[in-house]
Structure formats: C-alpha cells, structure tokens
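Below is one structure, written out as structure tokens; the observations come after it.
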Amino acid sequence: MTPRVLEKVTQIIDRAPSARRTVLALILADPQRVLDETFETLAQRANSSVPTIMRTCRDLGYAGLREFKLALAQELAVGGSPLNRRVRIDDDAQEIITKVTRGAAAVVNSVHTQLSAQTVQAAANAMAAATRVDCYGVGATSNFMATDLQARLFRLGLASNSYLDPHVQLISAATIGASGVVMAITHVGGMPSLLEAVDVARSQGATVIALTQPGSKLAAIADILLGIEVAPDPVMPVGPEAYLAHLTVIEILTVLVAQRLGDQAVNRLASIQHTLETRGLDMPHHPGLDWERAAGGSDGQAR
C-alpha cells in the first residue's frame, strides 16, 4: 500500500537536510494551513525558499507543488467531517467560520497559480470575435455557471446562449458554424453527452473553450483549456470549492472580454444600469402596493 503524505513526511524528516526538515515539520504541525497558503508563504515561515519547497515535495515522491497539494488535500478530505473536508465534526461555530472562509480564500487564490494569462486572454479574444457564444453546462453547479456566463456576455452585447439539455446542446453544436464559440463548463469533464456535443461543434469548425480540470476527456479535445484543479469534496462529486474556483475564472474572463470590446461594452453596461436604476422593479424608490386602495375603497373597506 502506498504511504500517505503525512506518513511519508514522518519517514524522511529525521534524515532530511536542515532546511527541508523545517519545511517538513511545518507540514506535520498544521497540514491544513500548508494546503491553504501559497508556497511563497510557506517558504517565508520556514525561512527558506520556493526551490527548497519544491525539492522537499520531490523528496516526498511528488513531481511538483501541484501534485503534492492535491495528494495532501485528498488525505485531509478523509479526516474531515462528512460535511466539509476542512472541519471536524466537533468544531464550534467560530472554528467552522474560520476554516471555511480560510479555505474559500485559498481556493480562489489557487486560481492565480493555475490559470495562464495567455490562455485566458486567448479565450476572451475568441469570445469577443465570435458571431455566437453558446455555453454548455452539465449538472447543477456547471449549469448555473453556464447560465451566469451567458447573462454576462449578453450584457456586454455578445450574441450568447446557454444550453443545459443534452439534446439541445447537440442542436446548438450542429448549427454554430466556424465563427462561433462553444464554452463547455464542467468540473469532472467526462460526461458523454457533453463530449458528443463538443465533438459535433468541432466538426463544424467552432472554437471550443473548456473550463474543467486538466487531464479530463474534455480537456483533451478543447481548443482552449482553462484548466482548474480542485481537491475532491467529501460529500458531492462537485463541491463548493469547485464552484468558487469556476466562478472566479468566469469573473476574470468577463472583465477581459469587456476590455476587448472597449467602448461598446462600457456604453451598453451604462445603459443597462441607467434603465435598472430608473425603471427597475427593485429600485429603492419603487412605490409600494397599497392593499386597501387596491381593494377599491378609500376608507379601507373592500367593495
């Protein structure tokens, strides 16, 4: 049986060089903190350097920083509560607040280290130049992401749609054409129906952008891969951390598309904002409904 991460740390810590021994001791002392923080922060706490952290990961048998963190996250997921891998079942409310919010911040920060600026810019350029952007999702979380991205692109002035039904996705893919873009969003990246739709879209010459985890089947066939890896969730196939990571990517992508469109997007957003402020149903000064008057009597009696 392959030793687990913390077991490996225990096995090598006594014979490791002093600088790496300090890093290993920090891992043993608080593995969740090591998982949540950046390697630059870990290096500072160890009075060391990122190359030393990298060598320590290799001592443990991992090719790099990402592989080490993924293995550590998987191990900690087993030891957490059945509701959240970062908390214990007996944690009090304050401990849960601290752990969940710290974990959320760490997940969002991980997007910074995983997302290539060149790749996300290429995705934004493709969307801004497309005659149509069709967003596909699979499952509750990815469906929401696809719908959210479509609404954002629509506000910017792009012809965009979101299709969640596999049958309609196939119809979309068959009609999108070479000047269109398909944005496929799924954490797992292996749903057969989505892969079929993407394959049809590619056969039509469309550009396929995938927001999924590296190494998935979808990642292998995408023209532009926005690859984001998130540690497994103890309860759901796609947990809240994947949701946060994908939402962060969508926000970055939206800003880049708006930059690419320039004044067209700025003016459109200003017009939408003005309309909602002056005519929106949820505006602060919208008159309330007078139920007595609506009933037909100024004296408050219904007629």
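Just remember, in the structure tokens the first chain shown is A, the second B, etc., residues are 1-based per chain, and ligands are 1-based in the order shown.
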
Inset, instruction - Report as a PyMOL selection string: the residues of segment 49-271 of chain A with a DSSP assignment of strand (DSSP E), based on the backbone of this structure. - result: chain A and resi 132-137+160-163+180-185+207-212+224-227

Legend entry - Distance query segment 160-162 of chain A at most 8 Å, only C-alpha atoms, self and fewer than 6 positions along chain excluded, as an MDAnalysis selection string: chainID A and resid 132:137 146:147 150:151 153:154

Inset, instruction - Determine, counting only C-alpha atoms, which protein, DNA and RNA residues have an atom within 10 Å of an atom of Ala173 of chain A; residues of the same chain fewer than 2 positions away are not included. Present the result as a list of chain:residue names. - result: A:Asp134, A:Tyr136, A:Val168, A:Gln169, A:Leu170, A:Ile171, A:Thr175, A:Ile176, A:Gly177, A:Gly180, A:Val181, A:Val182, A:Glu196, A:Ala197, A:Val198, A:Asp199, A:Val200, A:Ala201, A:Arg202, A:Ser203, A:Gln204, A:Gly205, A:Ala206

Polymer residues at most 8 Å from Ala258 of chain A, only C-alpha atoms, same-chain spacing of 6 or more positions, as a tab-separated table (two decimals) with N, CA, C and O atoms, in the first residue's frame:
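The file below, out-v7.tsv, is the result:
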chain	number	residue	atom	x	y	z
A	156	LEU	N	-22.81	42.37	-22.18
A	156	LEU	CA	-21.72	43.03	-22.89
A	156	LEU	C	-22.02	43.25	-24.36
A	156	LEU	O	-21.25	43.92	-25.07
A	265	ALA	N	-18.90	47.81	-24.98
A	265	ALA	CA	-19.34	47.16	-23.75
A	265	ALA	C	-19.62	48.17	-22.65
A	265	ALA	O	-20.61	48.07	-21.92
A	266	VAL	N	-18.74	49.17	-22.53
A	266	VAL	CA	-18.90	50.19	-21.48
A	266	VAL	C	-20.22	50.93	-21.64
A	266	VAL	O	-20.98	51.13	-20.68

Could you produce a table of the residues of segment 69-160 of chain A lying within 8 Å of segment 3-24 of chain A, with the nearest pair of atoms per residue and their separation in Å rounded to one decimal, using only C-alpha atoms, ordered by chain and increasing residue number, as CSV?
residue,atom,partner,partner_atom,distance
A:Ala71,CA,A:Val5,CA,6.9
A:Leu72,CA,A:Val5,CA,6.1
A:Glu75,CA,A:Arg4,CA,7.1

Inset, instruction - Rank A:Gly227, A:Gly61, A:Gly280, A:Gly262 by their smallest atom-to-atom distance to Leu115 of chain A, using only C-alpha atoms, and report the top residue only. - result: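 With only C-alpha atoms as the atom set, the closest residue is A:Gly227.
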
Legend entry - Given only C-alpha atoms as the counted atoms, nearest of A:Asn267, A:Ser193, A:Gln44, A:Ser142 to Ile250 of chain A: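 Closest residue, counting only C-alpha atoms: A:Ser142.
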
Inset, instruction - Please measure the separation of atom CA of Lys217 of chain A and atom CA of Met183 of chain A, giving the value in Å to one decimal. - result: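 Computing the Euclidean distance for atom CA of Lys217 of chain A and atom CA of Met183 of chain A yields 15.1 Å.
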
Inset, instruction - Determine the nearest neighbour of Leu253 of chain A from the options A:Leu276, A:Ala140, A:Ala128, A:Ile228, counting only C-alpha atoms. - result: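 When distances to Leu253 of chain A are compared using only C-alpha atoms, the smallest one comes from A:Ala128.
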
Inset, instruction - Name the residues of segment 39-112 of chain A that fall into helix (DSSP H, G or I) according to DSSP on the backbone, using the chain letters and numbers of this document, as a ChimeraX atom specification. - result: /A:39-45,50-59,65-79,93-112

Emit the selected residues as a CSV table (one decimal), in the first residue's frame, including C-alpha atoms.
chain,number,residue,atom,x,y,z
A,39,PHE,CA,4.3,28.1,-1.3
A,40,GLU,CA,5.8,31.6,-1.0
A,41,THR,CA,4.2,32.0,2.4
A,42,LEU,CA,5.3,28.5,3.4
A,43,ALA,CA,8.9,29.4,2.4
A,44,GLN,CA,8.8,32.6,4.4
A,45,ARG,CA,7.5,30.7,7.5
A,50,VAL,CA,10.4,28.1,-3.0
A,51,PRO,CA,13.1,25.9,-4.7
A,52,THR,CA,13.6,24.3,-1.3
A,53,ILE,CA,9.9,23.7,-1.0
A,54,MET,CA,10.0,22.1,-4.5
A,55,ARG,CA,12.9,19.8,-3.5
A,56,THR,CA,11.0,18.8,-0.4
A,57,CYS,CA,8.0,17.8,-2.5
A,58,ARG,CA,10.3,15.7,-4.7
A,59,ASP,CA,11.8,14.1,-1.6
A,65,LEU,CA,4.0,21.6,-6.0
A,66,ARG,CA,0.6,20.9,-7.6
A,67,GLU,CA,0.9,17.1,-7.2
A,68,PHE,CA,1.9,17.4,-3.6
A,69,LYS,CA,-1.0,19.7,-2.7
A,70,LEU,CA,-3.5,17.5,-4.5
A,71,ALA,CA,-2.3,14.4,-2.6
A,72,LEU,CA,-2.4,16.3,0.7
A,73,ALA,CA,-5.9,17.6,0.0
A,74,GLN,CA,-7.1,14.1,-0.7
A,75,GLU,CA,-5.7,12.8,2.5
A,76,LEU,CA,-7.2,15.6,4.6
A,77,ALA,CA,-10.6,15.1,3.0
A,78,VAL,CA,-10.7,11.6,4.5
A,79,GLY,CA,-10.1,13.0,8.0
A,93,ALA,CA,-19.2,27.7,15.2
A,94,GLN,CA,-16.2,30.1,15.3
A,95,GLU,CA,-13.8,27.3,14.2
A,96,ILE,CA,-16.1,26.4,11.3
A,97,ILE,CA,-16.4,30.0,10.2
A,98,THR,CA,-12.6,30.4,10.3
A,99,LYS,CA,-11.8,27.2,8.5
A,100,VAL,CA,-14.5,27.5,5.8
A,101,THR,CA,-13.7,31.2,5.0
A,102,ARG,CA,-9.9,30.5,5.0
A,103,GLY,CA,-10.5,27.5,2.7
A,104,ALA,CA,-12.6,29.6,0.4
A,105,ALA,CA,-9.9,32.3,0.2
A,106,ALA,CA,-7.3,29.6,-0.5
A,107,VAL,CA,-9.3,28.1,-3.4
A,108,VAL,CA,-9.8,31.5,-5.0
A,109,ASN,CA,-6.1,32.2,-4.6
A,110,SER,CA,-5.2,28.8,-6.2
A,111,VAL,CA,-6.8,30.1,-9.5
A,112,HIS,CA,-4.0,32.7,-9.6

Legend entry - Two-atom distance - atom CA of Leu256 of chain A, atom CA of Ile209 of chain A (Å): 14.8 Å
